[in-house]
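Colleague: Quick one, work_12.pdb (PDB, C-alpha atoms and all ligand atoms):
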```pdb
ATOM      1  CA  MET A   1     -33.741  26.217   7.235
ATOM      2  CA  THR A   2     -36.076  25.896  10.222
ATOM      3  CA  ARG A   3     -39.622  26.480   9.149
ATOM      4  CA  VAL A   4     -41.483  29.463  10.556
ATOM      5  CA  VAL A   5     -45.024  28.643  11.690
ATOM      6  CA  TYR A   6     -47.817  30.688  13.203
ATOM      7  CA  LEU A   7     -49.192  29.835  16.624
ATOM      8  CA  ASN A   8     -51.538  32.042  18.642
ATOM      9  CA  ASP A   9     -50.637  35.504  17.432
ATOM     10  CA  ASN A  10     -46.969  34.798  16.790
ATOM     11  CA  PHE A  11     -44.705  33.759  13.965
ATOM     12  CA  VAL A  12     -42.218  31.390  15.589
ATOM     13  CA  LYS A  13     -39.615  28.861  14.560
ATOM     14  CA  GLU A  14     -41.293  25.486  14.330
ATOM     15  CA  ASN A  15     -39.013  23.976  16.968
ATOM     16  CA  GLU A  16     -39.793  26.819  19.364
ATOM     17  CA  ALA A  17     -43.585  26.717  19.029
ATOM     18  CA  CYS A  18     -45.170  25.824  22.381
ATOM     19  CA  LEU A  19     -48.678  24.734  23.190
ATOM     20  CA  SER A  20     -50.324  23.625  26.420
ATOM     21  CA  PRO A  21     -50.870  19.843  26.652
ATOM     22  CA  ASN A  22     -54.374  20.779  27.809
ATOM     23  CA  ASP A  23     -55.243  22.188  24.415
ATOM     24  CA  ARG A  24     -58.470  20.450  23.441
ATOM     25  CA  GLY A  25     -56.978  19.769  20.032
ATOM     26  CA  PHE A  26     -54.425  17.563  21.749
ATOM     27  CA  ILE A  27     -56.831  16.020  24.255
ATOM     28  CA  PHE A  28     -59.973  15.509  22.118
ATOM     29  CA  ALA A  29     -59.043  16.411  18.508
ATOM     30  CA  ASP A  30     -61.570  19.175  19.201
ATOM     31  CA  GLY A  31     -60.913  21.363  16.195
ATOM     32  CA  VAL A  32     -61.181  21.886  12.469
ATOM     33  CA  TYR A  33     -58.781  22.671   9.645
ATOM     34  CA  GLU A  34     -58.365  23.756   6.042
ATOM     35  CA  VAL A  35     -55.656  23.384   3.421
ATOM     36  CA  THR A  36     -55.451  26.011   0.690
ATOM     37  CA  LYS A  37     -53.169  25.711  -2.294
ATOM     38  CA  TYR A  38     -51.201  28.646  -3.639
ATOM     39  CA  TYR A  39     -50.086  28.424  -7.257
ATOM     40  CA  LYS A  40     -46.944  30.521  -7.570
ATOM     41  CA  GLY A  41     -48.096  32.702  -4.716
ATOM     42  CA  LYS A  42     -51.718  33.008  -5.795
ATOM     43  CA  ALA A  43     -54.385  31.345  -3.646
ATOM     44  CA  PHE A  44     -56.840  29.090  -5.462
ATOM     45  CA  ARG A  45     -60.445  29.413  -4.304
ATOM     46  CA  MET A  46     -59.576  31.224  -1.073
ATOM     47  CA  ASN A  47     -63.171  32.310  -0.491
ATOM     48  CA  ASP A  48     -64.454  28.763  -0.703
ATOM     49  CA  HIS A  49     -61.906  27.653   1.893
ATOM     50  CA  ILE A  50     -62.828  30.529   4.211
ATOM     51  CA  GLU A  51     -66.530  29.789   3.855
ATOM     52  CA  ARG A  52     -66.046  26.073   4.513
ATOM     53  CA  LEU A  53     -63.914  26.848   7.559
ATOM     54  CA  LYS A  54     -66.610  29.149   8.921
ATOM     55  CA  ARG A  55     -69.153  26.414   8.427
ATOM     56  CA  SER A  56     -67.001  23.779  10.158
ATOM     57  CA  LEU A  57     -66.400  26.135  13.099
ATOM     58  CA  ASN A  58     -70.069  26.926  13.325
ATOM     59  CA  GLU A  59     -71.098  23.256  13.263
ATOM     60  CA  ILE A  60     -68.973  22.529  16.316
ATOM     61  CA  GLY A  61     -69.643  25.827  18.090
ATOM     62  CA  ILE A  62     -66.143  27.344  18.076
ATOM     63  CA  HIS A  63     -66.284  31.135  18.123
ATOM     64  CA  PHE A  64     -63.129  32.184  16.343
ATOM     65  CA  GLU A  65     -62.689  35.868  15.672
ATOM     66  CA  GLY A  66     -59.539  35.761  13.580
ATOM     67  CA  ILE A  67     -60.964  34.653  10.225
ATOM     68  CA  ASP A  68     -60.138  37.990   8.637
ATOM     69  CA  LYS A  69     -56.455  37.603   9.528
ATOM     70  CA  LEU A  70     -55.988  34.234   7.832
ATOM     71  CA  GLU A  71     -55.142  35.554   4.391
ATOM     72  CA  SER A  72     -52.447  37.951   5.610
ATOM     73  CA  ILE A  73     -50.998  35.334   7.988
ATOM     74  CA  SER A  74     -50.823  32.898   5.079
ATOM     75  CA  ALA A  75     -49.082  35.424   2.821
ATOM     76  CA  GLU A  76     -46.564  36.143   5.566
ATOM     77  CA  LEU A  77     -45.927  32.421   6.118
ATOM     78  CA  LEU A  78     -45.250  31.956   2.420
ATOM     79  CA  LYS A  79     -42.884  34.894   2.439
ATOM     80  CA  ARG A  80     -40.998  33.910   5.579
ATOM     81  CA  ASN A  81     -40.565  30.363   4.301
ATOM     82  CA  LYS A  82     -39.460  31.428   0.821
ATOM     83  CA  LEU A  83     -42.527  29.909  -0.784
ATOM     84  CA  ALA A  84     -44.082  33.077  -2.163
ATOM     85  CA  ASP A  85     -43.269  32.118  -5.771
ATOM     86  CA  GLU A  86     -43.736  28.366  -5.405
ATOM     87  CA  ASP A  87     -46.635  25.951  -5.467
ATOM     88  CA  ALA A  88     -47.417  25.646  -1.788
ATOM     89  CA  GLY A  89     -50.086  24.543   0.639
ATOM     90  CA  VAL A  90     -51.111  26.539   3.669
ATOM     91  CA  TYR A  91     -52.621  24.627   6.575
ATOM     92  CA  TRP A  92     -54.874  26.321   9.159
ATOM     93  CA  GLN A  93     -56.021  24.549  12.274
ATOM     94  CA  ILE A  94     -58.319  26.015  14.874
ATOM     95  CA  THR A  95     -58.954  24.149  18.085
ATOM     96  CA  ARG A  96     -61.385  25.087  20.845
ATOM     97  CA  GLY A  97     -58.539  26.168  23.131
ATOM     98  CA  VAL A  98     -56.910  25.247  26.420
ATOM     99  CA  HIS A  99     -58.902  23.955  29.397
ATOM    100  CA  GLN A 100     -58.666  21.204  31.975
ATOM    101  CA  ARG A 101     -60.138  18.042  30.517
ATOM    102  CA  VAL A 102     -63.937  18.133  30.555
ATOM    103  CA  HIS A 103     -66.216  16.609  27.957
ATOM    104  CA  HIS A 104     -68.567  19.567  27.501
ATOM    105  CA  PHE A 105     -67.504  22.697  25.616
ATOM    106  CA  PRO A 106     -66.021  25.108  28.198
ATOM    107  CA  LYS A 107     -67.237  28.695  27.966
ATOM    108  CA  ASP A 108     -64.959  31.694  27.491
ATOM    109  CA  ILE A 109     -61.841  29.959  26.265
ATOM    110  CA  GLN A 110     -59.686  31.322  23.519
ATOM    111  CA  PRO A 111     -59.433  29.194  20.349
ATOM    112  CA  THR A 112     -55.935  28.174  19.273
ATOM    113  CA  LEU A 113     -54.851  29.007  15.727
ATOM    114  CA  TYR A 114     -51.966  27.077  14.246
ATOM    115  CA  ALA A 115     -50.876  27.667  10.650
ATOM    116  CA  PHE A 116     -47.973  26.574   8.503
ATOM    117  CA  ALA A 117     -46.937  26.625   4.861
ATOM    118  CA  GLN A 118     -45.160  23.901   2.949
ATOM    119  CA  ALA A 119     -44.158  23.203  -0.629
ATOM    120  CA  LEU A 120     -46.961  21.395  -2.448
ATOM    121  CA  PRO A 121     -45.830  20.653  -5.990
ATOM    122  CA  SER A 122     -48.187  18.871  -8.360
ATOM    123  CA  ALA A 123     -47.573  15.113  -8.570
ATOM    124  CA  THR A 124     -46.806  15.390 -12.282
ATOM    125  CA  GLU A 125     -45.993  11.763 -13.034
ATOM    126  CA  LYS A 126     -48.952  10.352 -11.124
ATOM    127  CA  LEU A 127     -51.248  12.919 -12.724
ATOM    128  CA  GLN A 128     -50.159  11.573 -16.094
ATOM    129  CA  LYS A 129     -50.204   7.870 -15.359
ATOM    130  CA  GLY A 130     -52.979   7.666 -12.803
ATOM    131  CA  ILE A 131     -52.967   5.738  -9.543
ATOM    132  CA  LYS A 132     -54.011   2.390  -8.143
ATOM    133  CA  THR A 133     -56.493   2.449  -5.318
ATOM    134  CA  ILE A 134     -57.870   0.118  -2.704
ATOM    135  CA  LEU A 135     -61.488  -0.161  -1.629
ATOM    136  CA  ARG A 136     -62.579  -0.278   2.023
ATOM    137  CA  GLU A 137     -65.604   0.125   4.241
ATOM    138  CA  ASP A 138     -66.062   3.783   5.244
ATOM    139  CA  ILE A 139     -65.387   3.499   8.964
ATOM    140  CA  ARG A 140     -65.573   7.262   9.617
ATOM    141  CA  TRP A 141     -68.209   9.037  11.737
ATOM    142  CA  GLN A 142     -71.555  10.439  10.560
ATOM    143  CA  ARG A 143     -70.380  14.070  10.223
ATOM    144  CA  CYS A 144     -67.841  13.841   7.419
ATOM    145  CA  ASP A 145     -69.159  17.219   6.184
ATOM    146  CA  ILE A 146     -67.166  18.865   8.999
ATOM    147  CA  LYS A 147     -63.462  19.221   8.230
ATOM    148  CA  SER A 148     -62.496  17.863  11.626
ATOM    149  CA  ILE A 149     -58.899  17.270  12.711
ATOM    150  CA  SER A 150     -60.070  13.954  14.132
ATOM    151  CA  LEU A 151     -58.749  11.854  11.253
ATOM    152  CA  LEU A 152     -57.797   8.507  12.745
ATOM    153  CA  PRO A 153     -60.089   6.440  10.471
ATOM    154  CA  ASN A 154     -58.691   8.315   7.454
ATOM    155  CA  THR A 155     -55.084   7.843   8.522
ATOM    156  CA  MET A 156     -55.575   4.167   9.399
ATOM    157  CA  LEU A 157     -57.081   3.499   5.982
ATOM    158  CA  TYR A 158     -54.511   5.586   4.148
ATOM    159  CA  ASN A 159     -51.667   3.928   5.994
ATOM    160  CA  GLU A 160     -52.938   0.564   4.778
ATOM    161  CA  THR A 161     -53.140   2.079   1.282
ATOM    162  CA  VAL A 162     -49.486   3.102   1.371
ATOM    163  CA  GLU A 163     -48.433  -0.259   2.770
ATOM    164  CA  LYS A 164     -50.165  -1.923  -0.177
ATOM    165  CA  GLY A 165     -48.339   0.386  -2.621
ATOM    166  CA  ALA A 166     -51.522   2.177  -3.710
ATOM    167  CA  GLY A 167     -52.285   5.888  -4.010
ATOM    168  CA  GLU A 168     -55.703   6.309  -2.359
ATOM    169  CA  CYS A 169     -58.418   4.340  -0.634
ATOM    170  CA  ILE A 170     -61.970   4.607  -1.961
ATOM    171  CA  LEU A 171     -64.653   4.331   0.699
ATOM    172  CA  ILE A 172     -67.933   2.420   0.630
ATOM    173  CA  ARG A 173     -70.797   2.962   3.067
ATOM    174  CA  ASP A 174     -73.895   0.738   2.967
ATOM    175  CA  GLY A 175     -72.821  -0.535  -0.454
ATOM    176  CA  PHE A 176     -72.435   2.945  -1.993
ATOM    177  CA  VAL A 177     -69.325   4.971  -2.762
ATOM    178  CA  THR A 178     -68.822   7.993  -0.492
ATOM    179  CA  GLU A 179     -65.414   9.537  -1.341
ATOM    180  CA  ALA A 180     -61.766   8.696  -0.528
ATOM    181  CA  THR A 181     -59.628   9.174   2.599
ATOM    182  CA  HIS A 182     -58.465  12.660   1.622
ATOM    183  CA  SER A 183     -60.108  13.383  -1.708
ATOM    184  CA  SER A 184     -63.502  13.490  -3.425
ATOM    185  CA  LEU A 185     -64.432  10.918  -6.045
ATOM    186  CA  ILE A 186     -65.944  11.510  -9.472
ATOM    187  CA  ALA A 187     -66.693   8.814 -12.046
ATOM    188  CA  VAL A 188     -67.517   8.944 -15.735
ATOM    189  CA  LYS A 189     -70.070   6.787 -17.563
ATOM    190  CA  ASN A 190     -71.166   7.441 -21.145
ATOM    191  CA  GLY A 191     -69.734  10.954 -21.061
ATOM    192  CA  ILE A 192     -71.517  11.913 -17.821
ATOM    193  CA  LEU A 193     -69.646  12.996 -14.686
ATOM    194  CA  ILE A 194     -71.166  11.193 -11.717
ATOM    195  CA  THR A 195     -70.556  12.037  -8.065
ATOM    196  CA  ARG A 196     -72.320  11.445  -4.787
ATOM    197  CA  PRO A 197     -74.618  14.281  -3.622
ATOM    198  CA  LEU A 198     -73.445  16.369  -0.666
ATOM    199  CA  SER A 199     -74.680  15.158   2.714
ATOM    200  CA  ASN A 200     -73.342  14.530   6.208
ATOM    201  CA  LEU A 201     -71.412  11.570   4.800
ATOM    202  CA  ILE A 202     -68.892  13.420   2.607
ATOM    203  CA  LEU A 203     -66.797  16.573   2.750
ATOM    204  CA  PRO A 204     -68.113  19.349   0.502
ATOM    205  CA  GLY A 205     -64.933  19.246  -1.572
ATOM    206  CA  ILE A 206     -63.906  22.499  -3.208
ATOM    207  CA  THR A 207     -62.149  20.770  -6.113
ATOM    208  CA  ARG A 208     -65.298  18.662  -6.614
ATOM    209  CA  LYS A 209     -67.264  21.909  -6.827
ATOM    210  CA  VAL A 210     -64.769  23.325  -9.344
ATOM    211  CA  VAL A 211     -65.128  20.197 -11.511
ATOM    212  CA  MET A 212     -68.909  20.508 -11.420
ATOM    213  CA  GLU A 213     -68.640  24.147 -12.458
ATOM    214  CA  LEU A 214     -66.306  23.154 -15.300
ATOM    215  CA  GLY A 215     -68.909  20.592 -16.372
ATOM    216  CA  ALA A 216     -71.580  23.296 -16.455
ATOM    217  CA  THR A 217     -69.471  25.757 -18.473
ATOM    218  CA  HIS A 218     -68.220  23.170 -20.941
ATOM    219  CA  GLN A 219     -71.465  21.314 -21.594
ATOM    220  CA  ILE A 220     -70.326  18.154 -19.829
ATOM    221  CA  PRO A 221     -73.337  16.653 -18.064
ATOM    222  CA  VAL A 222     -73.002  16.140 -14.304
ATOM    223  CA  GLU A 223     -75.163  13.830 -12.225
ATOM    224  CA  GLU A 224     -75.155  13.881  -8.439
ATOM    225  CA  ARG A 225     -76.403  10.481  -7.355
ATOM    226  CA  LEU A 226     -75.524   7.451  -5.317
ATOM    227  CA  PHE A 227     -73.655   4.665  -7.074
ATOM    228  CA  SER A 228     -72.729   1.245  -5.781
ATOM    229  CA  LYS A 229     -69.384  -0.474  -5.533
ATOM    230  CA  GLU A 230     -70.381  -2.693  -8.493
ATOM    231  CA  GLU A 231     -71.269   0.360 -10.582
ATOM    232  CA  LEU A 232     -67.981   1.987  -9.633
ATOM    233  CA  LEU A 233     -66.008  -0.946 -11.000
ATOM    234  CA  ASP A 234     -67.966  -0.719 -14.239
ATOM    235  CA  MET A 235     -67.380   3.018 -14.804
ATOM    236  CA  ASP A 236     -65.592   4.170 -17.980
ATOM    237  CA  GLU A 237     -63.311   6.484 -16.005
ATOM    238  CA  VAL A 238     -62.741   7.347 -12.362
ATOM    239  CA  PHE A 239     -60.777  10.176 -10.789
ATOM    240  CA  ILE A 240     -60.248  11.527  -7.325
ATOM    241  CA  CYS A 241     -59.870  15.234  -6.726
ATOM    242  CA  GLY A 242     -58.751  17.550  -3.983
ATOM    243  CA  THR A 243     -56.624  20.564  -3.158
ATOM    244  CA  GLY A 244     -53.484  18.434  -2.956
ATOM    245  CA  SER A 245     -54.496  15.636  -5.333
ATOM    246  CA  GLU A 246     -55.812  18.014  -8.041
ATOM    247  CA  ILE A 247     -57.478  15.893 -10.776
ATOM    248  CA  MET A 248     -55.937  12.462 -10.260
ATOM    249  CA  PRO A 249     -56.932   9.624 -12.597
ATOM    250  CA  VAL A 250     -57.708   6.266 -10.973
ATOM    251  CA  VAL A 251     -56.661   3.461 -13.301
ATOM    252  CA  GLN A 252     -57.043   0.530 -10.949
ATOM    253  CA  ILE A 253     -59.322  -0.337  -8.021
ATOM    254  CA  GLU A 254     -58.053  -3.357  -6.115
ATOM    255  CA  ASP A 255     -57.295  -5.903  -8.917
ATOM    256  CA  HIS A 256     -59.734  -4.367 -11.349
ATOM    257  CA  SER A 257     -58.654  -2.032 -14.183
ATOM    258  CA  ILE A 258     -60.816   1.001 -14.914
ATOM    259  CA  GLY A 259     -61.532   1.499 -18.611
ATOM    260  CA  ASP A 260     -58.396   0.589 -20.543
ATOM    261  CA  GLY A 261     -56.220   0.869 -17.442
ATOM    262  CA  VAL A 262     -54.987   4.306 -18.506
ATOM    263  CA  PRO A 263     -56.445   7.762 -17.757
ATOM    264  CA  GLY A 264     -59.583   8.361 -19.812
ATOM    265  CA  GLN A 265     -60.224  11.206 -22.260
ATOM    266  CA  LEU A 266     -62.789  13.095 -20.201
ATOM    267  CA  THR A 267     -60.497  12.957 -17.166
ATOM    268  CA  ARG A 268     -57.705  14.362 -19.336
ATOM    269  CA  ASN A 269     -59.976  17.162 -20.525
ATOM    270  CA  ILE A 270     -60.945  18.048 -16.961
ATOM    271  CA  GLN A 271     -57.264  17.999 -15.963
ATOM    272  CA  GLN A 272     -56.511  20.418 -18.789
ATOM    273  CA  LEU A 273     -59.349  22.777 -17.873
ATOM    274  CA  PHE A 274     -58.305  22.635 -14.213
ATOM    275  CA  THR A 275     -54.719  23.516 -15.137
ATOM    276  CA  GLU A 276     -55.968  26.509 -17.090
ATOM    277  CA  LEU A 277     -57.783  27.715 -13.970
ATOM    278  CA  THR A 278     -54.875  27.243 -11.602
ATOM    279  CA  ARG A 279     -51.899  28.238 -13.746
TER     280      ARG A 279
HETATM  281  C1  LIG A 301     -62.213  13.421   3.098
HETATM  282  C2  LIG A 301     -61.906  14.441   2.064
HETATM  283  N1  LIG A 301     -62.705  14.537   0.994
HETATM  284  C3  LIG A 301     -62.460  15.412   0.018
HETATM  285  C4  LIG A 301     -61.374  16.261   0.065
HETATM  286  C5  LIG A 301     -61.135  17.238  -1.054
HETATM  287  O1  LIG A 301     -61.527  18.506  -0.658
HETATM  288  P1  LIG A 301     -60.914  19.799  -1.347
HETATM  289  O2  LIG A 301     -61.156  19.659  -2.809
HETATM  290  O3  LIG A 301     -61.716  20.904  -0.768
HETATM  291  O4  LIG A 301     -59.489  19.839  -0.994
HETATM  292  C6  LIG A 301     -60.518  16.213   1.161
HETATM  293  C7  LIG A 301     -59.369  17.119   1.240
HETATM  294  O5  LIG A 301     -58.678  17.180   2.212
HETATM  295  C8  LIG A 301     -60.797  15.283   2.194
HETATM  296  O6  LIG A 301     -59.995  15.189   3.273
END
```
Is it possible to give me this structure as structure tokens?
Modeller:
Amino acid sequence: MTRVVYLNDNFVKENEACLSPNDRGFIFADGVYEVTKYYKGKAFRMNDHIERLKRSLNEIGIHFEGIDKLESISAELLKRNKLADEDAGVYWQITRGVHQRVHHFPKDIQPTLYAFAQALPSATEKLQKGIKTILREDIRWQRCDIKSISLLPNTMLYNETVEKGAGECILIRDGFVTEATHSSLIAVKNGILITRPLSNLILPGITRKVVMELGATHQIPVEERLFSKEELLDMDEVFICGTGSEIMPVVQIEDHSIGDGVPGQLTRNIQQLFTELTR
């Protein structure tokens, strides 16, 4: 079955979707995106995704007037692709629009909206066993708080991760952990959840926020602070989290086992609480 996607006011077959090569998304990666997960047709944290998208758009000065349509477009995409009762991800991308190539932001151009839906089942086995990770210098730009489609550093690092047979790449900037190539990072030491404070250097992850809320409601202490690479390796438990990754235990970082080399108890508890929220 050919997938139906949404491009600029139209639902079209994926192989019939057309876009100008002068779209600034294509020329400059001048755009932002979001991925929302639907659990059996029900969106998880839709408002948070909408609010983060608005913020990303605002930070780069794209005036997009179709925010209110995103939910109904997404529902229609799920329906047309027979995903309305599945676990699925919906991707939205908004670029500045089409214009001859100039470096400044052209006035009065129409942003391009591209959206698609795809099956996004939970990675059940990995969620149980945990993943190995690699550790690299965070070579991204200084505005990682914007969910930009310009992801070459992330894809280069993740490609190396896959080539090494690992599941994610944890990033270090100036000696301190930031996050991972497409997920947030949370560690556990002495029963405390520890994660880096929000700043321009990490994405304000929605799953990270959910975990912090779970901590608050279930009397699990949470500390937002910087921690070094050395501290990371000495944590009792580590997990990454994200819309696609969910709550994914990290059992190995490079050659170093975390805890006993199996998912830790607090990570398991958070996984359980997260499942109760999403299912
Ligand atoms: C760099 C980065 N950090 C964190 C996350 C997790 O964010 P969320 O929980 O909102 O999916 C993502 C998700 O795509 C990401 O790309």
Colleague: Evaluating the PyMOL selection byres (((chain A and resi 200) around 12) and not hetatm) on the displayed file yields which residues, as an MDAnalysis selection string?
Modeller: chainID A and resid 56 59 140:147 178 196:199 201:204
Colleague: Taking only C-alpha atoms into account, name the residue in A:Val32, A:Val102, A:Ala115, A:Leu273 that is nearest to Lys69 in chain A.
Modeller: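 So, comparing all the options, the nearest one is A:Ala115.
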Colleague: Go through A:Ser20, A:Asn8, A:Ala119, A:Val177 and flag the residue nearest Ile94 in chain A, using all atoms listed in the file for the distances.
Modeller: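 Checking each candidate against Ile94 in chain A, we get A:Asn8 as the closest.
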Colleague: Going by the chain IDs and residue numbers used in this file, which residues fall under the PyMOL selection byres (((chain A and resi 244-256) around 7) and not hetatm)? Write them as a ChimeraX atom specification.
Modeller: /A:127,130-135,238-243,257-258,261-263,267,271
Colleague: Please write as a list in words the full residue list that the PyMOL selection byres (((chain A and resi 110-113) around 7) and not hetatm) yields on this file.
Modeller: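 When the PyMOL selection byres (((chain A and resi 110-113) around 7) and not hetatm) is applied to the shown file, the picked residues are Leu7, Asn8, Phe64, Gln93, Ile94, Thr95, Arg96, Gly97, Asp108, Ile109, Tyr114 and Ala115 of chain A.
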Colleague: Keeping only C-alpha atoms, write those residues as a JSON list (two decimals), keeping the file's coordinate frame.
Modeller:
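Final output, out-v9.json:
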```json
[["chain", "number", "residue", "atom", "x", "y", "z"],
["A", 7, "LEU", "CA", -49.19, 29.84, 16.62],
["A", 8, "ASN", "CA", -51.54, 32.04, 18.64],
["A", 64, "PHE", "CA", -63.13, 32.18, 16.34],
["A", 93, "GLN", "CA", -56.02, 24.55, 12.27],
["A", 94, "ILE", "CA", -58.32, 26.02, 14.87],
["A", 95, "THR", "CA", -58.95, 24.15, 18.08],
["A", 96, "ARG", "CA", -61.38, 25.09, 20.84],
["A", 97, "GLY", "CA", -58.54, 26.17, 23.13],
["A", 108, "ASP", "CA", -64.96, 31.69, 27.49],
["A", 109, "ILE", "CA", -61.84, 29.96, 26.26],
["A", 114, "TYR", "CA", -51.97, 27.08, 14.25],
["A", 115, "ALA", "CA", -50.88, 27.67, 10.65]]
```
Colleague: Name the residues, by chain letter and number, that sit within 6 Å of ligand LIG 301 (chain A) using all atoms listed in the file, and give them as an NGL selection string.
Modeller: :A and (180-184 or 203 or 205-208 or 242-243)
Colleague: For a quick check of understanding, using all atoms listed in the file, which of A:Glu71, A:Asp23, A:Asp87, A:Glu223 has the smallest distance to Pro121 in chain A?
Modeller: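 For Pro121 in chain A, the nearest of the given residues is A:Asp87.
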Colleague: What separation in Å, quoted to one decimal, exists between CA of Met235 in chain A and CA of Lys189 in chain A?
Modeller: 5.4 Å
Colleague: Please provide as number ranges by chain all residues within 12 Å of Tyr6 in chain A, with the sequence filter that same-chain residues fewer than 4 positions apart are discarded (counting only C-alpha atoms).
Modeller: A: 10-19, 69-70, 72-78, 80-81, 90-94, 112-117
Colleague: Please compute the CA of His218 in chain A-CA of Leu266 in chain A distance, one decimal, in Å.
Modeller: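 Value for the CA of His218 in chain A-CA of Leu266 in chain A distance: 11.5 Å.
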Colleague: Excluding same-chain residues fewer than 4 positions from Glu230 in chain A, what lies within 9 Å of it counting only C-alpha atoms, as a ChimeraX atom specification?
Modeller: /A:175-176,234
Colleague: Find the distance between CA of Gly41 in chain A and CA of Val5 in chain A and write it in Å to one decimal.
Modeller: 17.2 Å
Colleague: Measuring between all atoms listed in the file, which one of A:Ala88, A:Val162, A:Leu233, A:Leu185 shows the shortest distance to Phe44 in chain A?
Modeller: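 Smallest separation from Phe44 in chain A among the options: A:Ala88.
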Colleague: Out of A:Glu213, A:Asp30, A:Glu224, A:Asp85, which residue has the shortest atom-to-atom distance to Ile62 in chain A when counting only C-alpha atoms?
Modeller: A:Asp30
Colleague: For Asp48 in chain A, which of A:Val35, A:Leu83, A:Val98, A:Met1 is the closest residue, counting all atoms listed in the file?
Modeller: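 Under the stated criterion, the closest residue is A:Val35.
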